[in-house]
Each structure stands twice: as structure tokens, then as C-alpha cells.
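First up is the structure itself, then whatever we jot down about it.
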Amino acid sequence: MAIMGDQARVSVKLALSPELSFRAFTEDINQWWRRGLRYRVAAGDRGILSLEPRVGGRLIESFEDSCGLRLVETGQITVWEPPHRLMFNWRAVNFAPDEQTEVEVLFTPSGSGTLVTLTHRGWAHIRPDHPARHGQEVPVFIRTMGLWWSDLLTSLRLYSLKQLEEYQE
């Protein structure tokens with residue numbers, strides 16, 4: 001994990017090709033993205049996370065509540081370059097309409113697998129006292145974001161190992 005100013009960068013090595021790594025990240029996002037309020041809007045296992053595969057597509061979570069079906073848009077795809085690069089803006093549920101950050105994901109061949117590198121940047125544009133920062137000073141908050149993404153990419157790696165076993169059967 002690297003912490004640089006207003007961004008956190010994390011990497012994970014997958015034992016899949018870049019093509020399969022990109023597909024696992026995008027098409028199977030609901031399978032590997034951790035559940036619970038720390039990672040999703042919906043509590044428990046209610047939410048379904050999906051990513052629309054195109055520039056302008058959305059990263060959305062859908063779930064039922066007492067008011068019916070809800071869709072929460074977390075991001076919008078700004079770069080779609082399978083199997084090498086994906087970029088989307090990121091919005092926490094408590095962001096104002098003009099607030100957003102940016103997530104870039106690179107899929108680089110590495111030996112017999114793929115190095116997936118995720119950079120979440122743009123936090124300098126979000127005020128220091130914003131509730132999304134949980135009262136943390138900027139360096140501590142950026143480190144927390146790096147750990148949060150590390151948890152998610154670890155989950156992606158574990159999911160990819162299951163996928164590799166299925167491909168080999």
C-alpha cells in the first residue's frame with residue numbers, strides 16, 4: 001500500500017490473465033466485493049452491486065427496503081479499456097452533488113498472472129471536516145482508505161483463486 005498526498009494505492013497479484021482479471025473485477029464485482037455496512041449501503045446480504053460495462057456506465061448497488069427498490073450510484077465509468085484499465089468517479093453516499101473522487105484500476109501482465117493496481121485519488125477536493133473522513137486527519141484518513149481497498153482487493157484475490165480452480169476443472 002502506498003500513501004501519496006491525497007491518494008491511496010494498493011496492488012494485488014492474481015493468478016489469472018489480464019482478461020480474466022478484468023472480467024472478475026467488473027462482471028463478478030458482486031461476488032467478491034465484501035458485504036456489510038463498512039463496504040456497502042445495504043445491510044447484510046440484501047444489496048446487489050453491479051457495474052455497467054461502458055464509459056458512462058454506473059457502479060450501483062440495488063436493494064429492497066420499506067420504500068421498495070432502491071438504487072444507489074457510487075460511481076460512473078470514465079475510462080473503459082478492457083483488459084488493461086478501468087476508471088470511475090467515486091461518490092460516498094454523504095457527498096454533495098459537486099463532490100467526487102476518482103478510482104483507477106490497472107491490470108498489468110505479471111509473470112503467469114496479473115498485477116491489479118488500484119489508485120483512489122482526489123481527496124484534496126473533499127473538505128477536511130467532511131463526514132466521509134470520520135474525523136481523521138488527512139494522512140490517517142488516506143491510510144484508512146488504503147486499508148479499506150486492501151481488504152477489498154484481498155477479497156478479489158481470494159475470489160480469483162476459486163475461479164482459477166473452476167477454470168482448471
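Ordering of the C-alpha cells sets the chain letters (A, B, ...), residue numbers begin anew at 1 in every chain, and ligands are numbered from 1 in the order given.
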Among chain A, which ones does DSSP place in strand (DSSP E), written as a PyMOL selection string?
-> chain A and resi 2-4+7-14+48-51+58-65+68-81+85-90+101-110+113-121
Can I get the selected residues back with C-alpha atoms, as a compact mmCIF listing (two decimals), in the first residue's frame?
```
# COMPACT_ATOMS: atom_id res chain seq x y z
CA ALA A 2 1.30 3.43 -0.91
CA ILE A 3 0.06 6.71 0.55
CA MET A 4 0.76 9.79 -1.54
CA GLN A 7 -4.43 9.29 -2.81
CA ALA A 8 -4.05 5.71 -1.71
CA ARG A 9 -2.64 3.00 -3.99
CA VAL A 10 -2.93 -0.74 -3.40
CA SER A 11 -1.94 -3.74 -5.52
CA VAL A 12 -2.68 -7.42 -5.59
CA LYS A 13 -1.34 -10.23 -7.77
CA LEU A 14 -3.93 -12.53 -9.33
CA ILE A 48 -26.53 -6.38 -5.28
CA LEU A 49 -23.52 -4.48 -6.62
CA SER A 50 -23.14 -4.13 -10.37
CA LEU A 51 -21.01 -2.24 -12.83
CA ARG A 58 -22.61 3.22 -13.38
CA LEU A 59 -21.32 1.41 -10.31
CA ILE A 60 -24.60 0.83 -8.48
CA GLU A 61 -25.97 -1.06 -5.54
CA SER A 62 -29.60 -2.15 -5.67
CA PHE A 63 -31.67 -3.42 -2.77
CA GLU A 64 -35.19 -3.55 -1.40
CA ASP A 65 -36.23 -1.57 1.65
CA GLY A 68 -39.36 -0.52 -2.46
CA LEU A 69 -36.40 -0.95 -4.81
CA ARG A 70 -33.53 1.49 -4.20
CA LEU A 71 -30.59 2.18 -6.49
CA VAL A 72 -27.54 3.90 -5.04
CA GLU A 73 -24.99 5.13 -7.56
CA THR A 74 -21.46 5.09 -6.16
CA GLY A 75 -19.62 5.89 -9.36
CA GLN A 76 -19.69 6.42 -13.08
CA ILE A 77 -17.21 4.88 -15.54
CA THR A 78 -14.94 7.45 -17.19
CA VAL A 79 -12.43 5.05 -18.82
CA TRP A 80 -13.29 1.54 -20.08
CA GLU A 81 -10.28 -0.16 -21.73
CA ARG A 85 -7.64 -0.11 -17.49
CA LEU A 86 -10.80 0.99 -15.76
CA MET A 87 -11.51 4.36 -14.19
CA PHE A 88 -14.60 5.68 -12.45
CA ASN A 89 -15.55 8.62 -10.29
CA TRP A 90 -16.43 7.72 -6.73
CA THR A 101 -13.10 11.37 -6.09
CA GLU A 102 -11.59 9.07 -8.72
CA VAL A 103 -10.65 5.39 -8.77
CA GLU A 104 -8.28 3.99 -11.41
CA VAL A 105 -7.65 0.26 -11.77
CA LEU A 106 -4.79 -1.08 -13.91
CA PHE A 107 -4.42 -4.73 -14.98
CA THR A 108 -0.78 -5.42 -15.88
CA PRO A 109 0.61 -8.80 -17.01
CA SER A 110 2.99 -10.11 -14.35
CA GLY A 113 -0.77 -13.71 -13.73
CA THR A 114 -1.85 -10.10 -13.42
CA LEU A 115 -0.89 -7.26 -11.12
CA VAL A 116 -4.03 -5.29 -10.28
CA THR A 117 -3.19 -1.78 -9.06
CA LEU A 118 -5.94 0.45 -7.71
CA THR A 119 -5.44 4.16 -7.03
CA HIS A 120 -8.11 6.20 -5.25
CA ARG A 121 -7.34 9.90 -5.63
```
query: Taking the backbone alone, and naming residues the way the document does, which bits of chain A are alpha helix (DSSP H) by DSSP, as a PyMOL selection string?
result: chain A and resi 18-27+29-32+138-168
Considering only C-alpha atoms, can you say which of A:Val138, A:Ala124, A:Trp148, A:Pro53 comes closest to A:Glu27?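 Nearest to A:Glu27: A:Pro53.
The environment of A:Ser112 within 8 Å, counting only C-alpha atoms and disregarding residues fewer than 3 places along the same chain, consists of Ala15, Leu16, Ser17 and Pro109 of chain A.
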Counting only C-alpha atoms, the residue of A:Leu20, A:Ile142, A:Leu161, A:Ala92 that sits nearest A:Arg38: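 The answer is A:Ala92, which sits nearest to A:Arg38.
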Identify which of the residues A:Glu137, A:Asp98, A:Glu52, A:Asp151 lies closest to A:His125, counting only C-alpha atoms when measuring atom-to-atom distances.
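Closest to A:His125 of all the choices is A:Asp98.
Closest approach to A:Trp32 among A:Arg91, A:Lys162, A:Arg54, A:His84: A:Lys162, based on only C-alpha atoms.
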As a check of understanding: the span from atom CA of A:Phe141 to atom CA of A:Ser21 is 28.4 Å
